[in-house]
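Trainee: Below are the structure tokens for one structure; questions will follow.
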Amino acid sequence: MPAAQTERAPLGVAPPLAPARERISRRRPPARPAGAPQALWWPSLLTAGVLCFVTFYAKGGLNLESMTTTEMLLTVGAGVALAGAILLTPLGRPLNGLWPVGLLVALAVLTAVSIVWSVQPDESWRDAGRMLALSGVFAVAVMLARLAPERWPAILGGIALASVVVCGYALLTKVFPGSVGASSIYARLEEPFGYWNAIGLTAAMGVICCIWLGSRRSGHALISALAYPAIGLLVLTLLLAYSRGALAALAIGLVLWFCIVPLRLRGAAVLIPGALAAGAVAAWDFSKNALSADNIAVAERATAGHRLGALIVVMVVVLLITGLVVGFTTGRQAPSLTARRNAGAALFAVIVLALGGFAGALAHSQRGFTGTISHAVDSLTNPNAKPPPNTPDRLTAVASVRARYWKEALQIFDAHPALGAGAAGYQTARLRYRQETLEVRHAHGFVVQTLADLGLVGLALALALLVSWMAAAGRATHPFNRRWTSWRAWRNLRAGSRPGWRRAAEPYTPERIGMLSMLCLVVVFGAHSLIDWTWYVPGCAVAALLCAGWLAGRGSLSAAFAAPASGRGPAGGEAARRPDGRHPLVVAVQRLGYVRVSLAGAVIVAALLAAWSQWQPQRSEDARQQALALLARNPRAAADAANAAVSRDPLSAEALMTLAKVQQVSGQPAAAHATLERAVRLQPSNPQTWLALGRDDLSTNPRAAVQELQAAIYLNPESVAPEALAKERQAVEIHNDYIQALRAATVPKSAPAAPSRAARRRTPAPRR
């Protein structure tokens with residue numbers, strides 16, 4: 001500022017009046033120019049807060065109550081955000097991402113429609129609520145990318161912050177097992193999800209965000225330096241979770257990041273120190289039996305955990321100093337071209353030597369190079385392979401129980417190839433094919449789970465969603481500096497146009513590098529979802545969908561979005577005035593446009609209806625638990641609660657069986673039997689409904705009980721297997737009930753245990 005403007009006027013002399021234009025500028029600051037930096041701290045904190053709430057409250061998504069509340073909040077919040085975006089987004093902006101949003105909503109609709117043919121329709125209803133909530137999150141990300149495209153760093157920064165918070169809490173369960181993780185008996189990190197592979201995936205996605213944060217050329221230097229200790233914490237969490245799938249997914253994401261992002265040396269400078277420091281601390285942890293073995297006394301774990309905490313603090317301090325030194329050194333003077341080339345050559349040589357050493361170790365092993373690879377493939381695909389124990393050695397093991405789950409999912413798909421067994425029907429349908437007594441809810445793989453639940457139709461819809469998203473995300477990233485020409489070029493072949501895959505001229509701006517980092521994060525999540533069920537974990541899925549939706553909605557980075565003219569509203573009209581006799585609300589509606597206001601209102605109404613639908617299974621479960629609690633002291637109130645449970649969720653077999661139990665206690669055996677028959681008609685492929693009906697007929701109609709118990713055993717053969725009889729009380733009870741029914745019906749013991757003709761007619765047998 002010139003000195004003349006800062007000096008004070010002499011006493012008694014009035015200062016000269018500033019020009020009118022200058023006086024106006026003092027009263028109202030000028031509009032922010034295009035491309036100016038935006039305040040990103042509060043959007044980043046908001047993003048991190050939402051992700052932390054979803055993670056710590058919904059956990060692994062297995063609890064109905066917390067999952068229902070999370071789905072309802074996400075659905076209503078998405079509806080309000082979408083309505084606001086519809087009203088605030090200026091006209092004329094391109095409608096990017098509509099195809100991916102439409103296909104994801106179509107997949108949610110197919111999930112809901114599968115209730116019609118599902119083997120367990122109540123679970124399909126609940127899964128439809130989850131899909132609606134995730135579709136809302138994806139749609140919000142698409143709309144936010146159109147409304148505020150300059151806020152993209154808040155997405156990556158928020159995910160990075162949330163990942164550090166979640167992984168820091170997971171490490172605290174090992175440092176302070178007596179207070180934070182007292183309920184855990186495992187050495188593997190699993191909190192706050194209750195599932196170790198979910199915490200591993202969270203750490204892997206956070207590493208991608210922190211590499212972007214530490215290697216970017218823009219932004220505050222201190223924030224970039226914080227990426228060094230953050231990566232150390234995330235990699236350490238990943239190693240202590242013993243998650244091989246998350247490690248493999250992170251490796252895929254890192255390879256992609258270093259291939260498509262031109263900040264390779266800066267990224268390596270951030271990744272290598274954090275990985276080495278985390279590897280050293282993890283090696284110390286693996287050497288301590290109190291920290292690497294299960295079922296260790298809390299006192300012994302606490303002593304070793306405090307030492308681990310001291311090492312973590314030292315690691316964080318060292319990595320923070322490293323980040324500050326690197327930032328200070330490179331900030332004052334950038335490395336020369338020769339230095340960068342030498343560093344790149346050295347890094348490439350280290351990678352080649354590491355790969356050569358790994359190949360040499362395989363070649364000199366007992367089975368040789370090809371034999372070791374074939375043995376690993378066989379162990380990975382063998383459904384009868386013995387799973388590795390929960391020790392650090394599993395990080396180098398290949399065998400897994402996933403091949404067993406995948407085989408069962410493919411058998412279900414073979415029985416129902418077109419439409420599958422219904423959304424979330426794998427848990428019930430697999431009982432017919434399983435060869436062990438372990439209870440499993442998911443097939444541990446998105447593709448096989450989709451084939452088992454929704455068949456070829458669901459898989460085709462998922463593939464169409466993937467292709468449309470890749471096309472939409474490619475417009476914002478151009479990951480290999482290539483772009484497909486517009487479809488209009490194919491129509492103008494005669495005019496001399498040359499359609500094809502051409503080189504993109506997009507510069508590597510900070511935004512494009514951020515978009516490429518988002519792409520790598522989505523790839524990490526997608527790769528992990530192929531071999532696990534983290535698609536059903538809300539904390540992981542919401543983070544990935546925010547990035548995927550932003551990429552789909554951003555569109556081409558070269559197309560700048562013009563800000564609306566001053567004095568005009570989001571619809572481009574004049575500022576709202578209040579003429580005589582006209583209400584301000586009427587003026588606002590007319591300014592925005594009746595179509596946009598109606599569309600925003602319809603979105604809010606749809607979100608409220610969806611949230612009401614998501615709430616019904618939980619309301620039914622609450623009423624069912626209330627009926628069981630009131631059964632002993634107030635049978636009439638218990639009957640009212642049981643009827644309320646059935647009316648709130650008419651697809652629930654558990655609600656019907658609770659109502660039948662209440663009717664039995666109330667002295668209504670005929671009504672109870674009719675209710676159980678209704679449950680069988682509702683879920684004929686569920687062995688629990690046949691088992692309840694057979695036990696009800698055990699004393700009054702033994703012959704019918706034999707057929708009904710045979711149907712239950714046919715649908716779940718392992719329920720009376722020798723292994724189950726030796727370990728499970730329920731298996732012994734089923735076996736005894738069946739023997740008792742056979743004796744009462746005077747059926748020889750040597751009779752085959754296959755279901756009768758009546759049971760076969762009422763039970764859908766799988767097609768071979």
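Naming scheme: A, B, ... for chains in displayed order of the structure tokens; residues 1 onward per chain; ligands 1 onward as shown.
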Using only C-alpha atoms, which protein or nucleic acid residues come within 9 Å of segment 609-619 of chain A? Drop anything in the same chain fewer than 2 positions from it, and give the result as a ChimeraX atom specification.

Mentor: /A:64-65,68-69,71-76,122,125-126,128-130,132-133,604-607,621-624,644-645,648-649,652

Trainee: Name all residues at most 8 Å from segment 419-434 of chain A (count only C-alpha atoms; drop same-chain ones fewer than 5 positions away) and give them as a PyMOL selection string.

Mentor: chain A and resi 111-112+114-115+117-121+123-124+127-128+408-409+411-413+440-443+449+451-458+685-686+714-718

Trainee: DSSP on the backbone: what in segment 268-513 of chain A comes out strand (DSSP E), as a short mmCIF file (atom, residue, chain, number, x, y, z; two decimals) with C-alpha atoms, in the first residue's frame?

Mentor:
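Everything below was put into selection_33.cif:
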data_model
loop_
_atom_site.label_atom_id
_atom_site.label_comp_id
_atom_site.auth_asym_id
_atom_site.auth_seq_id
_atom_site.Cartn_x
_atom_site.Cartn_y
_atom_site.Cartn_z
CA ARG A 482 -5.83 -40.42 -23.86
CA ARG A 483 -9.43 -39.59 -24.56
CA TRP A 484 -12.14 -40.99 -26.75
CA TRP A 501 -8.41 -42.83 -28.82
CA ARG A 502 -6.45 -39.62 -29.09
CA ARG A 503 -3.85 -38.00 -26.91
#

Trainee: I want to know what sits within 9 Å of Arg475 of chain A, based on only C-alpha atoms, with residues of the same chain fewer than 2 positions away left out; could you give that as a list in words?

Mentor: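 Neighbouring residues, sequence-local ones excluded: Met470, Ala471, Ala472, Ala473, Thr477, His478, Arg483, Leu551, Ala552, Arg554, Gly555, Ser556 and Leu557 of chain A.
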
Trainee: Output N, CA and C atoms of each residue in that selection to a file, as a PDB file, in the first residue's frame.

Mentor:
ATOM      1  N   MET A 470     -16.658 -45.467 -15.507  1.00  0.00           N
ATOM      2  CA  MET A 470     -15.326 -45.298 -16.085  1.00  0.00           C
ATOM      3  C   MET A 470     -15.335 -44.235 -17.177  1.00  0.00           C
ATOM      4  N   ALA A 471     -16.378 -44.236 -17.984  1.00  0.00           N
ATOM      5  CA  ALA A 471     -16.475 -43.219 -19.023  1.00  0.00           C
ATOM      6  C   ALA A 471     -16.628 -41.830 -18.420  1.00  0.00           C
ATOM      7  N   ALA A 472     -17.451 -41.702 -17.369  1.00  0.00           N
ATOM      8  CA  ALA A 472     -17.650 -40.393 -16.746  1.00  0.00           C
ATOM      9  C   ALA A 472     -16.395 -39.940 -16.006  1.00  0.00           C
ATOM     10  N   ALA A 473     -15.742 -40.855 -15.287  1.00  0.00           N
ATOM     11  CA  ALA A 473     -14.533 -40.491 -14.555  1.00  0.00           C
ATOM     12  C   ALA A 473     -13.374 -40.195 -15.486  1.00  0.00           C
ATOM     13  N   THR A 477     -10.158 -37.219 -15.546  1.00  0.00           N
ATOM     14  CA  THR A 477      -8.822 -37.690 -15.181  1.00  0.00           C
ATOM     15  C   THR A 477      -7.906 -37.909 -16.379  1.00  0.00           C
ATOM     16  N   HIS A 478      -8.416 -38.525 -17.452  1.00  0.00           N
ATOM     17  CA  HIS A 478      -7.568 -38.930 -18.593  1.00  0.00           C
ATOM     18  C   HIS A 478      -6.307 -39.616 -18.071  1.00  0.00           C
ATOM     19  N   ARG A 483      -8.003 -39.830 -24.666  1.00  0.00           N
ATOM     20  CA  ARG A 483      -9.430 -39.585 -24.558  1.00  0.00           C
ATOM     21  C   ARG A 483     -10.111 -40.091 -25.817  1.00  0.00           C
ATOM     22  N   LEU A 551     -15.792 -37.896  -9.106  1.00  0.00           N
ATOM     23  CA  LEU A 551     -15.184 -38.112 -10.426  1.00  0.00           C
ATOM     24  C   LEU A 551     -16.245 -38.179 -11.513  1.00  0.00           C
ATOM     25  N   ALA A 552     -17.365 -38.827 -11.224  1.00  0.00           N
ATOM     26  CA  ALA A 552     -18.420 -38.949 -12.222  1.00  0.00           C
ATOM     27  C   ALA A 552     -19.092 -37.615 -12.503  1.00  0.00           C
ATOM     28  N   ARG A 554     -17.749 -34.452 -11.996  1.00  0.00           N
ATOM     29  CA  ARG A 554     -16.887 -33.300 -12.294  1.00  0.00           C
ATOM     30  C   ARG A 554     -16.866 -32.962 -13.771  1.00  0.00           C
ATOM     31  N   GLY A 555     -16.778 -33.942 -14.638  1.00  0.00           N
ATOM     32  CA  GLY A 555     -16.695 -33.653 -16.064  1.00  0.00           C
ATOM     33  C   GLY A 555     -15.310 -33.184 -16.454  1.00  0.00           C
ATOM     34  N   SER A 556     -15.203 -32.603 -17.629  1.00  0.00           N
ATOM     35  CA  SER A 556     -13.917 -32.154 -18.148  1.00  0.00           C
ATOM     36  C   SER A 556     -13.374 -31.007 -17.314  1.00  0.00           C
ATOM     37  N   LEU A 557     -12.075 -31.087 -16.950  1.00  0.00           N
ATOM     38  CA  LEU A 557     -11.467 -30.037 -16.152  1.00  0.00           C
ATOM     39  C   LEU A 557     -11.220 -28.772 -16.953  1.00  0.00           C
TER      40      LEU A 557
END

Trainee: Find the residues near Val732 of chain A: any atom within 12 Å, counting only C-alpha atoms, skip ones fewer than 5 places away on the same chain, and give them as an MDAnalysis selection string.

Mentor: chainID A and resid 718:727 737:739

Trainee: I'd like the contact shell of Met315 of chain A - 9 Å cut-off, only C-alpha atoms, skipping same-chain residues fewer than 4 positions apart - returned as a PDB file with N, CA and C atoms, in the first residue's frame.

Mentor:
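Contents of out05.pdb, as written:
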ATOM      1  N   PRO A 229       4.127 -38.527   9.099  1.00  0.00           N
ATOM      2  CA  PRO A 229       3.711 -39.384  10.225  1.00  0.00           C
ATOM      3  C   PRO A 229       2.358 -40.047  10.000  1.00  0.00           C
ATOM      4  N   GLY A 232       2.987 -43.232   8.230  1.00  0.00           N
ATOM      5  CA  GLY A 232       3.548 -44.208   9.162  1.00  0.00           C
ATOM      6  C   GLY A 232       2.479 -44.867  10.011  1.00  0.00           C
ATOM      7  N   LEU A 233       1.534 -44.092  10.532  1.00  0.00           N
ATOM      8  CA  LEU A 233       0.449 -44.664  11.333  1.00  0.00           C
ATOM      9  C   LEU A 233      -0.442 -45.572  10.494  1.00  0.00           C
ATOM     10  N   GLY A 274       7.825 -43.340   5.681  1.00  0.00           N
ATOM     11  CA  GLY A 274       6.732 -43.841   6.510  1.00  0.00           C
ATOM     12  C   GLY A 274       6.630 -45.346   6.495  1.00  0.00           C
ATOM     13  N   ALA A 277       9.649 -46.856   8.563  1.00  0.00           N
ATOM     14  CA  ALA A 277       9.455 -46.684  10.002  1.00  0.00           C
ATOM     15  C   ALA A 277       8.343 -47.591  10.525  1.00  0.00           C
ATOM     16  N   ALA A 278       7.221 -47.665   9.785  1.00  0.00           N
ATOM     17  CA  ALA A 278       6.130 -48.546  10.202  1.00  0.00           C
ATOM     18  C   ALA A 278       6.552 -50.005  10.165  1.00  0.00           C
ATOM     19  N   VAL A 281       8.602 -50.778  13.369  1.00  0.00           N
ATOM     20  CA  VAL A 281       7.761 -50.909  14.566  1.00  0.00           C
ATOM     21  C   VAL A 281       6.941 -52.197  14.504  1.00  0.00           C
ATOM     22  N   ALA A 310       5.097 -46.158  23.095  1.00  0.00           N
ATOM     23  CA  ALA A 310       6.293 -45.306  23.115  1.00  0.00           C
ATOM     24  C   ALA A 310       7.003 -45.336  21.766  1.00  0.00           C
ATOM     25  N   LEU A 311       7.086 -46.518  21.173  1.00  0.00           N
ATOM     26  CA  LEU A 311       7.706 -46.607  19.847  1.00  0.00           C
ATOM     27  C   LEU A 311       6.900 -45.838  18.805  1.00  0.00           C
ATOM     28  N   LEU A 319       9.183 -39.009  11.920  1.00  0.00           N
ATOM     29  CA  LEU A 319       8.611 -38.783  10.591  1.00  0.00           C
ATOM     30  C   LEU A 319       8.169 -37.335  10.409  1.00  0.00           C
ATOM     31  N   LEU A 320       7.689 -36.703  11.467  1.00  0.00           N
ATOM     32  CA  LEU A 320       7.321 -35.292  11.356  1.00  0.00           C
ATOM     33  C   LEU A 320       8.553 -34.434  11.090  1.00  0.00           C
TER      34      LEU A 320
END

Trainee: Could you list, as a PyMOL selection string, every residue within 10 Å of Arg146 of chain A, counting only C-alpha atoms and ignoring same-chain residues fewer than 3 positions away?

Mentor: chain A and resi 85+89-90+93-97+140-143+149-150+550+552-555+561

Trainee: Let me make sure I understand: among A:Cys520, A:Ala692, A:Val542, A:Val298, which one has the smallest atom-to-atom distance to Pro479 of chain A if we use only C-alpha atoms?

Mentor: A:Cys520
